[in-house]
$ cat coords-v7.cif   # mmCIF, C-alpha atoms
data_input
#
loop_
_atom_site.label_atom_id
_atom_site.label_comp_id
_atom_site.auth_asym_id
_atom_site.auth_seq_id
_atom_site.Cartn_x
_atom_site.Cartn_y
_atom_site.Cartn_z
CA MET A 111 8.26 42.40 28.24
CA ALA A 112 6.60 40.34 25.53
CA SER A 113 2.85 40.27 25.69
CA LEU A 114 1.02 37.00 26.17
CA PRO A 115 -0.37 35.32 23.05
CA PRO A 116 -4.12 35.64 22.51
CA ILE A 117 -6.20 32.85 24.02
CA ASP A 118 -8.09 30.63 21.59
CA LEU A 119 -11.52 30.15 23.13
CA PRO A 120 -13.45 27.03 22.17
CA SER A 121 -16.25 27.93 19.78
CA GLY A 122 -19.40 28.58 21.75
CA ALA A 123 -17.53 29.60 24.92
CA THR A 124 -18.89 32.69 26.63
CA GLY A 125 -15.45 33.96 27.48
CA GLU A 126 -16.65 35.10 30.88
CA GLY A 127 -14.29 32.96 32.89
CA ALA A 128 -11.80 30.16 32.55
CA PHE A 129 -14.10 27.65 34.23
CA ASP A 130 -17.27 28.44 32.29
CA ALA A 131 -18.56 25.48 30.35
CA PRO A 132 -18.95 26.17 26.64
CA ALA A 133 -22.55 26.98 25.73
CA ALA A 134 -24.43 23.85 24.69
CA ASP A 135 -25.02 23.36 20.98
CA ALA A 136 -28.72 24.15 20.60
CA ASN A 137 -28.85 22.06 17.43
CA ARG A 138 -26.93 19.09 18.79
CA ASP A 139 -29.60 16.43 18.25
CA VAL A 140 -30.39 17.60 14.73
CA ARG A 141 -26.69 17.93 13.88
CA PHE A 142 -25.97 14.42 15.19
CA ASP A 143 -28.88 12.84 13.32
CA TYR A 144 -28.02 14.69 10.11
CA LEU A 145 -24.39 13.57 10.33
CA LEU A 146 -25.51 9.97 10.80
CA ARG A 147 -27.57 10.23 7.63
CA LEU A 148 -24.61 11.55 5.65
CA GLY A 149 -22.16 9.08 7.18
CA ASP A 150 -24.41 6.03 6.94
CA ASP A 151 -25.25 6.62 3.26
CA SER A 152 -21.52 6.62 2.46
CA LEU A 153 -20.66 3.76 4.80
CA ILE A 154 -23.34 1.36 3.57
CA LEU A 155 -22.76 2.04 -0.13
CA GLY A 156 -18.99 1.78 0.43
CA GLN A 157 -19.48 -1.63 2.04
CA ARG A 158 -21.76 -2.75 -0.81
CA LEU A 159 -19.17 -1.76 -3.42
CA GLY A 160 -16.52 -3.65 -1.44
CA GLU A 161 -18.53 -6.83 -2.03
CA TRP A 162 -17.54 -6.60 -5.69
CA CYS A 163 -13.83 -6.84 -4.89
CA GLY A 164 -12.43 -9.71 -6.95
CA HIS A 165 -15.77 -10.37 -8.69
CA ALA A 166 -16.13 -7.52 -11.19
CA PRO A 167 -16.36 -8.20 -14.96
CA SER A 168 -12.80 -6.93 -15.58
CA VAL A 169 -9.82 -5.84 -13.53
CA GLU A 170 -10.35 -2.19 -14.49
CA VAL A 171 -13.95 -2.31 -13.29
CA ASP A 172 -12.85 -4.12 -10.14
CA LEU A 173 -10.45 -1.26 -9.37
CA SER A 174 -13.10 1.35 -10.15
CA LEU A 175 -15.63 -0.18 -7.78
CA ALA A 176 -13.07 -0.64 -5.00
CA ASN A 177 -11.83 2.93 -5.40
CA MET A 178 -15.34 4.36 -5.28
CA GLY A 179 -16.00 2.28 -2.18
CA LEU A 180 -12.81 3.65 -0.65
CA ASP A 181 -13.87 7.24 -1.35
CA LEU A 182 -17.22 6.56 0.31
CA ILE A 183 -15.66 4.91 3.38
CA GLY A 184 -13.39 7.96 3.67
CA GLN A 185 -16.42 10.27 3.69
CA ALA A 186 -18.11 8.04 6.26
CA THR A 187 -15.04 8.17 8.53
CA HIS A 188 -15.10 11.98 8.56
CA PHE A 189 -18.87 12.29 9.02
CA LEU A 190 -19.15 9.63 11.72
CA ASN A 191 -16.11 10.82 13.68
CA HIS A 192 -17.66 14.27 13.69
CA ALA A 193 -21.06 12.82 14.67
CA GLY A 194 -19.42 11.13 17.66
CA ALA A 195 -17.76 14.38 18.72
CA VAL A 196 -21.07 16.26 18.40
CA GLU A 197 -22.86 13.61 20.41
CA GLY A 198 -20.29 13.97 23.19
CA ARG A 199 -20.66 10.48 24.64
CA GLY A 200 -17.21 9.24 23.76
CA ARG A 201 -18.16 7.34 20.59
CA ASP A 202 -15.94 7.72 17.55
CA GLY A 203 -16.59 6.78 13.92
CA ASP A 204 -15.57 3.16 14.50
CA ALA A 205 -17.95 2.83 17.45
CA LEU A 206 -20.79 4.26 15.36
CA ALA A 207 -20.01 2.02 12.38
CA PHE A 208 -19.38 -1.22 14.24
CA LYS A 209 -21.39 -1.05 17.45
CA ARG A 210 -24.80 0.12 16.33
CA ASP A 211 -27.57 -2.24 15.36
CA VAL A 212 -29.64 -2.05 12.21
CA LEU A 213 -32.48 0.07 13.64
CA ASP A 214 -29.99 2.81 14.57
CA PHE A 215 -28.74 3.25 11.00
CA ARG A 216 -30.00 6.35 9.19
CA ASN A 217 -29.04 5.57 5.60
CA CYS A 218 -31.51 5.74 2.73
CA TRP A 219 -32.96 2.56 1.23
CA LEU A 220 -31.21 3.05 -2.10
CA VAL A 221 -27.70 2.39 -0.76
CA GLU A 222 -28.60 -0.81 1.09
CA GLN A 223 -30.02 -2.50 -2.01
CA PRO A 224 -28.15 -5.66 -3.00
CA ASN A 225 -25.61 -5.44 -5.80
CA GLY A 226 -27.55 -7.73 -8.14
CA ASP A 227 -25.73 -7.92 -11.45
CA PHE A 228 -23.26 -5.30 -12.67
CA ALA A 229 -26.03 -3.31 -14.39
CA GLN A 230 -28.07 -3.14 -11.20
CA THR A 231 -25.00 -1.93 -9.28
CA MET A 232 -24.33 0.77 -11.87
CA ALA A 233 -27.99 1.86 -11.92
CA ARG A 234 -27.87 2.30 -8.13
CA GLN A 235 -24.58 4.19 -8.36
CA PHE A 236 -25.89 6.49 -11.06
CA LEU A 237 -29.06 7.38 -9.14
CA PHE A 238 -27.14 7.88 -5.89
CA SER A 239 -23.95 9.64 -7.06
CA THR A 240 -25.85 12.11 -9.23
CA TRP A 241 -27.80 13.06 -6.10
CA GLN A 242 -24.78 13.03 -3.79
CA GLU A 243 -22.80 15.31 -6.09
CA MET A 244 -25.60 17.89 -6.03
CA LEU A 245 -26.04 17.46 -2.26
CA PHE A 246 -22.33 17.97 -1.55
CA GLN A 247 -22.23 20.97 -3.86
CA HIS A 248 -24.93 22.55 -1.63
CA LEU A 249 -23.23 21.40 1.58
CA THR A 250 -20.01 23.25 0.72
CA GLY A 251 -21.94 26.24 2.13
CA SER A 252 -22.95 24.46 5.34
CA LYS A 253 -22.56 26.42 8.57
CA ASP A 254 -21.04 23.29 10.08
CA GLU A 255 -17.36 23.73 9.20
CA THR A 256 -16.60 20.01 9.11
CA ILE A 257 -19.55 19.22 6.84
CA ALA A 258 -18.53 22.08 4.54
CA ALA A 259 -14.89 20.93 4.43
CA VAL A 260 -15.72 17.25 3.77
CA ALA A 261 -18.28 18.22 1.12
CA ALA A 262 -15.80 20.51 -0.67
CA LYS A 263 -13.19 17.76 -0.69
CA ALA A 264 -15.50 14.86 -1.56
CA VAL A 265 -17.53 16.59 -4.27
CA LYS A 266 -14.53 16.34 -6.61
CA GLU A 267 -14.41 12.58 -6.03
CA VAL A 268 -18.17 12.04 -6.28
CA ARG A 269 -18.17 13.81 -9.66
CA TYR A 270 -16.07 10.90 -10.92
CA HIS A 271 -18.57 8.39 -9.51
CA ALA A 272 -21.46 10.15 -11.21
CA GLU A 273 -19.64 10.37 -14.55
CA LEU A 274 -18.42 6.79 -14.48
CA SER A 275 -21.82 5.34 -13.62
CA ALA A 276 -23.58 7.52 -16.21
CA GLU A 277 -21.15 6.20 -18.85
CA TRP A 278 -22.08 2.64 -17.91
CA VAL A 279 -25.81 3.40 -17.97
CA ILE A 280 -25.37 4.67 -21.53
CA ARG A 281 -23.06 1.85 -22.62
CA LEU A 282 -25.29 -0.91 -21.27
CA GLY A 283 -28.60 0.78 -22.12
CA ASP A 284 -27.54 1.48 -25.69
CA GLY A 285 -25.78 -1.88 -25.99
CA THR A 286 -26.93 -5.41 -26.73
CA ASP A 287 -30.44 -6.70 -26.09
CA GLU A 288 -29.24 -8.40 -22.95
CA SER A 289 -27.26 -5.46 -21.52
CA ARG A 290 -30.21 -3.18 -22.30
CA ARG A 291 -32.66 -5.49 -20.53
CA ARG A 292 -30.39 -5.74 -17.48
CA MET A 293 -29.90 -1.98 -17.20
CA ALA A 294 -33.64 -1.34 -17.60
CA ASP A 295 -34.31 -3.92 -14.87
CA GLY A 296 -31.68 -2.33 -12.59
CA LEU A 297 -33.19 1.12 -12.97
CA ASP A 298 -36.67 -0.26 -12.48
CA TRP A 299 -35.63 -1.96 -9.23
CA HIS A 300 -34.14 1.22 -7.72
CA TRP A 301 -36.62 3.76 -9.02
CA ARG A 302 -38.95 3.52 -5.99
CA PHE A 303 -36.11 4.52 -3.64
CA VAL A 304 -35.36 7.85 -5.35
CA PRO A 305 -38.16 9.91 -3.69
CA GLU A 306 -36.60 9.21 -0.27
CA LEU A 307 -33.48 11.11 -1.36
CA PHE A 308 -35.62 14.23 -1.63
CA GLU A 309 -37.72 13.74 1.49
CA MET A 310 -37.69 16.77 3.80
CA ASP A 311 -38.79 15.29 7.13
CA ALA A 312 -38.53 17.08 10.49
CA VAL A 313 -34.77 16.51 10.92
CA ALA A 314 -33.90 17.45 7.34
CA THR A 315 -36.04 20.59 7.59
CA ALA A 316 -34.53 21.61 10.93
CA ALA A 317 -31.01 20.96 9.61
CA ALA A 318 -31.69 23.12 6.55
CA GLU A 319 -33.26 25.89 8.63
CA CYS A 320 -30.27 26.22 10.94
CA GLY A 321 -27.89 26.20 7.96
CA ILE A 322 -26.23 22.85 8.70
CA GLY A 323 -28.02 20.80 6.06
CA ALA A 324 -29.20 21.30 2.49
CA ASN A 325 -32.70 21.85 1.22
CA VAL A 326 -32.76 18.95 -1.21
CA SER A 327 -36.02 20.11 -2.82
CA ALA A 328 -34.00 22.95 -4.34
CA PHE A 329 -32.25 20.60 -6.78
CA ARG A 330 -34.98 18.04 -7.46
CA ASP A 331 -35.71 19.49 -10.91
CA ASP A 332 -32.02 19.59 -11.82
CA TYR A 333 -31.67 16.00 -10.69
CA ASP A 334 -34.63 14.80 -12.73
CA ALA A 335 -33.34 16.64 -15.79
CA ARG A 336 -29.89 15.11 -15.50
CA ILE A 337 -31.23 11.59 -14.98
CA ARG A 338 -33.55 11.93 -17.96
CA ALA A 339 -30.78 13.33 -20.18
CA VAL A 340 -28.57 10.31 -19.49
CA LEU A 341 -31.46 7.88 -19.95
CA ALA A 342 -32.26 9.53 -23.28
CA GLU A 343 -28.67 9.05 -24.39
CA ALA A 344 -28.91 5.44 -23.23
CA THR A 345 -32.07 5.13 -25.40
CA LEU A 346 -33.98 4.04 -22.26
CA GLU A 347 -37.39 5.20 -21.13
CA PRO A 348 -37.55 6.41 -17.50
CA PRO A 349 -39.20 3.66 -15.42
CA ALA A 350 -42.85 4.12 -14.50
CA ASP A 351 -43.30 5.89 -11.17
CA GLN A 352 -43.87 3.49 -8.31
CA ARG A 353 -45.08 3.81 -4.75
CA PRO A 354 -42.12 5.41 -2.92
CA ILE A 355 -40.43 3.50 -0.10
CA LEU A 356 -39.51 5.80 2.78
CA GLY A 357 -38.32 5.46 6.35
CA GLY A 358 -34.59 4.66 6.20
CA ARG A 359 -33.81 8.05 7.78
CA ARG A 360 -35.86 6.98 10.81
CA GLY A 361 -34.37 3.51 11.11
CA HIS A 362 -36.90 1.52 9.07
CA HIS A 363 -34.88 -0.66 6.75
CA GLY A 364 -35.27 -3.62 4.44
CA GLU A 365 -34.16 -7.14 5.14
CA HIS A 366 -30.93 -6.59 3.20
CA LEU A 367 -29.34 -4.11 5.61
CA GLY A 368 -29.13 -6.54 8.52
CA HIS A 369 -27.22 -9.05 6.42
CA LEU A 370 -24.81 -6.36 5.21
CA ILE A 371 -24.20 -5.15 8.76
CA ALA A 372 -23.65 -8.70 10.02
CA VAL A 373 -20.75 -9.12 7.58
CA MET A 374 -19.41 -5.61 8.18
CA GLN A 375 -19.45 -5.88 11.97
CA PHE A 376 -18.40 -9.51 12.33
CA LEU A 377 -14.71 -8.90 12.99
CA PRO A 378 -14.90 -6.04 15.52
CA ARG A 379 -17.74 -7.76 17.36
CA THR A 380 -16.00 -11.14 17.47
CA TYR A 381 -12.58 -9.74 18.38
CA PRO A 382 -13.38 -6.50 20.24
CA ASP A 383 -10.61 -3.89 20.19
CA ALA A 384 -8.44 -6.09 17.96
CA THR A 385 -5.47 -4.25 16.47
CA TRP A 386 -2.87 -5.18 13.90
CA MET B 83 16.41 25.86 28.58
CA VAL B 84 14.25 26.75 25.65
CA ALA B 85 15.15 24.98 22.46
CA VAL B 86 14.94 27.16 19.39
CA ILE B 87 13.36 25.19 16.58
CA SER B 88 14.55 26.00 13.09
CA MET B 89 11.84 25.92 10.48
CA ASP B 90 14.40 24.96 7.85
CA ALA B 91 15.42 21.94 9.91
CA LEU B 92 11.78 20.86 10.18
CA TRP B 93 11.26 21.20 6.43
CA GLU B 94 14.41 19.18 5.82
CA VAL B 95 13.10 16.36 7.99
CA LEU B 96 9.75 16.39 6.17
CA GLU B 97 11.39 16.44 2.75
CA ARG B 98 12.93 13.09 3.60
CA VAL B 99 9.59 11.43 4.49
CA PRO B 100 8.53 9.42 1.42
CA ASP B 101 4.94 8.86 0.36
CA PRO B 102 4.17 5.24 1.37
CA GLU B 103 2.53 4.40 -1.98
CA ILE B 104 4.88 6.32 -4.30
CA PRO B 105 8.17 6.34 -2.40
CA VAL B 106 10.09 8.40 -4.99
CA VAL B 107 8.23 11.54 -3.92
CA SER B 108 8.15 13.04 -0.44
CA VAL B 109 5.14 14.28 1.48
CA VAL B 110 6.43 17.79 0.73
CA ASP B 111 6.65 17.10 -3.03
CA LEU B 112 3.01 15.96 -3.02
CA GLY B 113 1.77 19.07 -1.24
CA ILE B 114 0.56 17.06 1.74
CA VAL B 115 2.49 19.29 4.14
CA ARG B 116 0.59 22.58 4.16
CA ASP B 117 2.44 24.55 6.79
CA VAL B 118 5.20 24.20 9.32
CA ARG B 119 5.23 26.16 12.56
CA SER B 120 7.47 25.97 15.58
CA ASP B 121 5.00 23.77 17.49
CA ARG B 122 3.22 21.84 14.77
CA VAL B 123 3.18 20.51 11.24
CA ILE B 124 -0.07 20.93 9.34
CA ILE B 125 -0.93 18.23 6.81
CA THR B 126 -3.90 17.46 4.57
CA PRO B 127 -5.04 14.15 3.06
CA THR B 128 -4.93 13.77 -0.72
CA TYR B 129 -8.10 11.76 -1.28
CA THR B 130 -10.86 11.45 1.34
CA GLY B 131 -10.52 7.69 1.53
CA CYS B 132 -6.80 7.33 0.85
CA PRO B 133 -5.60 4.50 3.12
CA ALA B 134 -2.09 5.98 3.12
CA THR B 135 -3.27 8.95 5.19
CA GLN B 136 -2.77 7.24 8.55
CA VAL B 137 0.55 5.76 7.48
CA ILE B 138 1.73 9.19 6.37
CA GLU B 139 0.91 10.71 9.74
CA ARG B 140 2.73 7.89 11.53
CA ASP B 141 5.77 8.19 9.25
CA ILE B 142 5.96 11.94 9.86
CA ARG B 143 5.65 11.34 13.60
CA ASP B 144 8.50 8.81 13.51
CA ALA B 145 10.69 11.14 11.44
CA LEU B 146 10.07 14.09 13.77
CA ASP B 147 10.79 11.97 16.83
CA ALA B 148 13.97 10.57 15.31
CA ALA B 149 15.18 14.10 14.56
CA GLY B 150 14.48 15.18 18.13
CA PHE B 151 11.32 17.19 17.45
CA ARG B 152 9.22 15.32 19.99
CA ASP B 153 7.24 18.39 21.01
CA VAL B 154 6.19 19.28 17.48
CA GLY B 155 2.61 18.11 16.93
CA ILE B 156 0.83 17.08 13.74
CA GLU B 157 -2.45 18.70 12.82
CA THR B 158 -4.69 17.52 9.98
CA THR B 159 -6.80 19.99 8.06
CA LEU B 160 -9.38 19.28 5.32
CA SER B 161 -9.87 22.80 4.11
CA PRO B 162 -8.93 24.03 1.59
CA PRO B 163 -9.13 20.63 -0.13
CA TRP B 164 -5.92 19.20 -1.57
CA THR B 165 -5.35 19.61 -5.28
CA THR B 166 -2.76 18.22 -7.68
CA GLY B 167 -1.84 21.87 -8.31
CA TRP B 168 0.11 21.65 -5.05
CA ILE B 169 2.51 19.00 -6.34
CA THR B 170 5.90 20.69 -6.69
CA GLU B 171 7.77 20.92 -10.01
CA SER B 172 10.47 18.62 -8.67
CA GLY B 173 7.72 16.26 -7.48
CA LYS B 174 6.29 16.14 -11.02
CA ALA B 175 9.74 15.43 -12.45
CA LYS B 176 10.29 12.60 -9.96
CA LEU B 177 6.88 11.08 -10.77
CA LYS B 178 7.71 11.10 -14.49
CA ALA B 179 11.13 9.53 -13.95
CA TYR B 180 9.39 6.83 -11.89
CA GLY B 181 7.03 6.01 -14.79
CA ILE B 182 3.95 7.88 -13.57
CA ALA B 183 2.70 10.65 -15.85
CA PRO B 184 2.23 13.80 -13.76
CA PRO B 185 -1.15 15.60 -13.77
CA THR B 186 -1.63 17.63 -16.93
CA ARG B 187 -4.46 20.15 -16.35
CA GLY B 188 -6.18 19.43 -19.63
CA ARG B 189 -3.05 19.22 -21.77
CA ALA B 190 -2.24 16.03 -23.71
CA VAL B 191 -0.88 13.23 -21.58
CA GLU B 192 2.71 12.33 -22.40
CA CYS B 193 3.83 8.71 -22.18
CA PRO B 194 6.45 8.57 -19.40
CA GLN B 195 8.24 5.75 -21.25
CA CYS B 196 8.68 7.05 -24.81
CA GLY B 197 7.42 10.63 -24.59
CA SER B 198 4.69 10.17 -27.21
CA LEU B 199 1.48 12.17 -26.92
CA GLU B 200 -0.50 9.39 -28.64
CA THR B 201 -2.02 8.12 -25.40
CA GLU B 202 -5.47 7.03 -24.23
CA GLU B 203 -7.32 6.27 -21.03
CA ILE B 204 -7.95 2.62 -20.16
CA SER B 205 -9.67 3.21 -16.85
CA ARG B 206 -10.31 6.26 -14.76
CA PHE B 207 -9.35 4.38 -11.62
CA GLY B 208 -5.97 2.82 -11.06
CA SER B 209 -3.91 1.09 -8.41
CA THR B 210 -4.40 3.94 -5.90
CA PRO B 211 -7.15 6.59 -5.58
CA CYS B 212 -4.87 9.25 -7.08
CA LYS B 213 -4.02 7.42 -10.32
CA ALA B 214 -5.77 6.45 -13.56
CA GLN B 215 -4.68 3.74 -16.00
CA TRP B 216 -3.54 4.87 -19.42
CA ARG B 217 -1.76 3.33 -22.37
CA CYS B 218 0.54 4.61 -25.06
CA ARG B 219 -0.48 3.96 -28.66
CA ALA B 220 3.10 4.49 -29.86
CA CYS B 221 5.11 2.16 -27.60
CA LEU B 222 2.00 0.18 -26.50
CA GLU B 223 3.07 0.28 -22.85
CA PRO B 224 0.46 0.84 -20.16
CA PHE B 225 1.24 3.47 -17.53
CA ASP B 226 -0.25 5.26 -14.53
CA LEU B 227 -1.39 8.86 -14.77
CA PHE B 228 -1.56 10.97 -11.63
CA LYS B 229 -5.13 12.25 -11.92
CA CYS B 230 -5.74 15.95 -12.12
CA HIS B 231 -7.77 16.74 -9.05
#
$ encode --input "coords-v7.cif" --output "structure tokens"
Amino acid sequence: MASLPPIDLPSGATGEGAFDAPAADANRDVRFDYLLRLGDDSLILGQRLGEWCGHAPSVEVDLSLANMGLDLIGQATHFLNHAGAVEGRGRDGDALAFKRDVLDFRNCWLVEQPNGDFAQTMARQFLFSTWQEMLFQHLTGSKDETIAAVAAKAVKEVRYHAELSAEWVIRLGDGTDESRRRMADGLDWHWRFVPELFEMDAVATAAAECGIGANVSAFRDDYDARIRAVLAEATLEPPADQRPILGGRRGHHGEHLGHLIAVMQFLPRTYPDATW
Amino acid sequence: MVAVISMDALWEVLERVPDPEIPVVSVVDLGIVRDVRSDRVIITPTYTGCPATQVIERDIRDALDAAGFRDVGIETTLSPPWTTGWITESGKAKLKAYGIAPPTRGRAVECPQCGSLETEEISRFGSTPCKAQWRCRACLEPFDLFKCH
């Protein structure tokens, strides 16, 4: 007689009996919050880049911005779906993206900044994607299997974003007087939001300690070196340090985010559960 | 009665499911189908944000249903991440015949129209996440390059 196939127990199950509930995830709250941070950064920047659709300086640039936005929305879908599953209250990625209000968003301030002109958009992308590439590289070793898998997949895409935006920083910085002024202004505007990317608050620390998240302080020096190398090639001086703006990770946001969310959530809120 | 499912029959069904964006190649040619078992088909998305991913899953579902494999499920896996190295040789040949230069792994990009190696990048992003825009300096025609990933 053939033997029965082995039983796949859900991870965390005690295996003591068929009706035992799986052991609760001791890090659930931290895991959920950390996933919101990852997902919201990608979602909000993806939405911002989508605003360029049909308005970019050339068709090639239009496609680049839309494609980067698409990559980011893809990351957000994975992170937020997983966040919903971790939370265990029946919310999926769509519910988290379209049915939360502004104070519940956990993205950093950098990604919610308005597009401004093309130089300002590229300055924001350069500062963010350089950081996100390093972050994802670290997260490929996350003990959360989904985070590790998404990071390993997305890091290849984010490398493109970082390269493309660095090329534009150089081209505009080392360009005409006007392009140079605009790029310098764009960098200057976003500079105060960079320290938040490296903030290790209670959730970030707990996530790093239990192996889910990354210790971002570990790559601060590498980040600064890479930013400065590109600025040097762009013949631009790094902007003067400014008072850092913090708090996005705890739901404190600028005026801009509410307007972005209003546009992003309009359709699903006006026509709930619409399908096509 | 227990139906015996032939793996070959499943593969044959999948080989006839075209990619929705590049219909000359199948989901098998592109390396999207990672494994086929008697109870499920395991697929992986190409790019994280590729909008074709959901369409591909639906198309595979429809094809399996039409062939009578209603009990065969579809499972999506992210790891290991998809790479252009998984595109089959016949897939690369079909891409080229369709006018899309296949991924080159660092070698010179050949114009799919005239075969010249005198080519240059116009933009790293093209009409879909997986393609870049290039042009040929010999025949002056623009073309898509399937990005090495």
$ resolve_selection --input "coords-v7.cif" --expression "the PyMOL selection byres ((chain B and resi 229) around 10)" --output "ChimeraX atom specification"
/B:165-166,183-187,206-208,211-215,226-228,230-231
$ interface_residues --input "coords-v7.cif" --of "chain B" --to "chain A" --cutoff "6 Å" --atoms "only C-alpha atoms" --output "list of chain:residue names"
B:Thr130, B:Gly131, B:Leu160, B:Ser161, B:Pro163, B:Ser205, B:Phe207, B:Pro211
$ closest_residue --input "coords-v7.cif" --among "B:Gly167, B:Pro133, B:Asp153, B:Asp144" --to "Leu112 in chain B" --atoms "all atoms listed in the file"
B:Gly167
$ closest_residue --input "coords-v7.cif" --among "A:Arg292, A:Arg234, A:Arg199, A:His300" --to "Arg158 in chain A" --atoms "all atoms listed in the file"
A:Arg234
$ closest_residue --input "coords-v7.cif" --among "A:Val265, A:Phe189, A:Ser239, A:Asp284" --to "Tyr129 in chain B" --atoms "all atoms listed in the file"
A:Val265
$ resolve_selection --input "coords-v7.cif" --expression "the PyMOL selection byres ((chain A and resi 244) around 10)" --output "PyMOL selection string"
chain A and resi 239-243+245-249+265+268-269+324+326+328-330+332-333
$ resolve_selection --input "coords-v7.cif" --expression "the PyMOL selection byres ((chain B and resi 117-124) around 8)" --output "list of chain:residue names"
B:Ile87, B:Ser88, B:Met89, B:Leu92, B:Trp93, B:Val115, B:Arg116, B:Ile125, B:Thr126, B:Asp153, B:Val154, B:Gly155, B:Ile156, B:Glu157, B:Thr158, B:Thr159
$ residues_near_point --input "coords-v7.cif" --point "(-21.3, 1.2, -0.8)" --cutoff "8 Å" --atoms "all atoms listed in the file" --output "JSON, numbers by chain"
{"A": [151, 152, 153, 154, 155, 156, 157, 158, 159, 160, 179, 182, 183, 221, 222]}
$ closest_residue --input "coords-v7.cif" --among "A:Ala344, A:Leu370, A:Ala233, A:Leu377" --to "Val212 in chain A" --atoms "all atoms listed in the file"
A:Leu370
$ atom_distance --input "coords-v7.cif" --atom1 "CA of Ala294 in chain A" --atom2 "CA of Trp162 in chain A"
20.7 Å
$ decode --input "coords-v7.cif" --residues "range 208-219 of chain B" --atoms "N, CA and C atoms" --output "PDB file, in the first residue's frame"
ATOM      1  N   GLY B 208      11.249  51.189 -23.007  1.00  0.00           N
ATOM      2  CA  GLY B 208      10.504  51.131 -24.252  1.00  0.00           C
ATOM      3  C   GLY B 208       9.021  50.977 -24.014  1.00  0.00           C
ATOM      4  N   SER B 209       8.364  50.324 -24.995  1.00  0.00           N
ATOM      5  CA  SER B 209       6.903  50.255 -24.975  1.00  0.00           C
ATOM      6  C   SER B 209       6.376  49.332 -23.889  1.00  0.00           C
ATOM      7  N   THR B 210       7.193  48.429 -23.374  1.00  0.00           N
ATOM      8  CA  THR B 210       6.806  47.579 -22.246  1.00  0.00           C
ATOM      9  C   THR B 210       7.997  47.544 -21.286  1.00  0.00           C
ATOM     10  N   PRO B 211       7.772  47.114 -20.020  1.00  0.00           N
ATOM     11  CA  PRO B 211       8.883  47.133 -19.056  1.00  0.00           C
ATOM     12  C   PRO B 211      10.086  46.312 -19.502  1.00  0.00           C
ATOM     13  N   CYS B 212       9.868  45.304 -20.366  1.00  0.00           N
ATOM     14  CA  CYS B 212      10.963  44.389 -20.692  1.00  0.00           C
ATOM     15  C   CYS B 212      11.780  44.856 -21.895  1.00  0.00           C
ATOM     16  N   LYS B 213      11.408  45.992 -22.520  1.00  0.00           N
ATOM     17  CA  LYS B 213      12.111  46.379 -23.741  1.00  0.00           C
ATOM     18  C   LYS B 213      12.735  47.774 -23.653  1.00  0.00           C
ATOM     19  N   ALA B 214      13.842  47.941 -24.375  1.00  0.00           N
ATOM     20  CA  ALA B 214      14.483  49.250 -24.511  1.00  0.00           C
ATOM     21  C   ALA B 214      14.390  49.668 -25.977  1.00  0.00           C
ATOM     22  N   GLN B 215      14.504  50.989 -26.217  1.00  0.00           N
ATOM     23  CA  GLN B 215      14.444  51.461 -27.606  1.00  0.00           C
ATOM     24  C   GLN B 215      15.853  51.644 -28.154  1.00  0.00           C
ATOM     25  N   TRP B 216      16.101  51.055 -29.304  1.00  0.00           N
ATOM     26  CA  TRP B 216      17.394  51.177 -29.956  1.00  0.00           C
ATOM     27  C   TRP B 216      17.200  51.647 -31.390  1.00  0.00           C
ATOM     28  N   ARG B 217      18.314  52.020 -32.018  1.00  0.00           N
ATOM     29  CA  ARG B 217      18.238  52.305 -33.452  1.00  0.00           C
ATOM     30  C   ARG B 217      19.490  51.770 -34.139  1.00  0.00           C
ATOM     31  N   CYS B 218      19.313  51.512 -35.431  1.00  0.00           N
ATOM     32  CA  CYS B 218      20.398  50.973 -36.234  1.00  0.00           C
ATOM     33  C   CYS B 218      21.032  52.122 -37.000  1.00  0.00           C
ATOM     34  N   ARG B 219      22.359  52.236 -36.916  1.00  0.00           N
ATOM     35  CA  ARG B 219      23.031  53.322 -37.645  1.00  0.00           C
ATOM     36  C   ARG B 219      23.245  52.964 -39.110  1.00  0.00           C
TER      37      ARG B 219
END
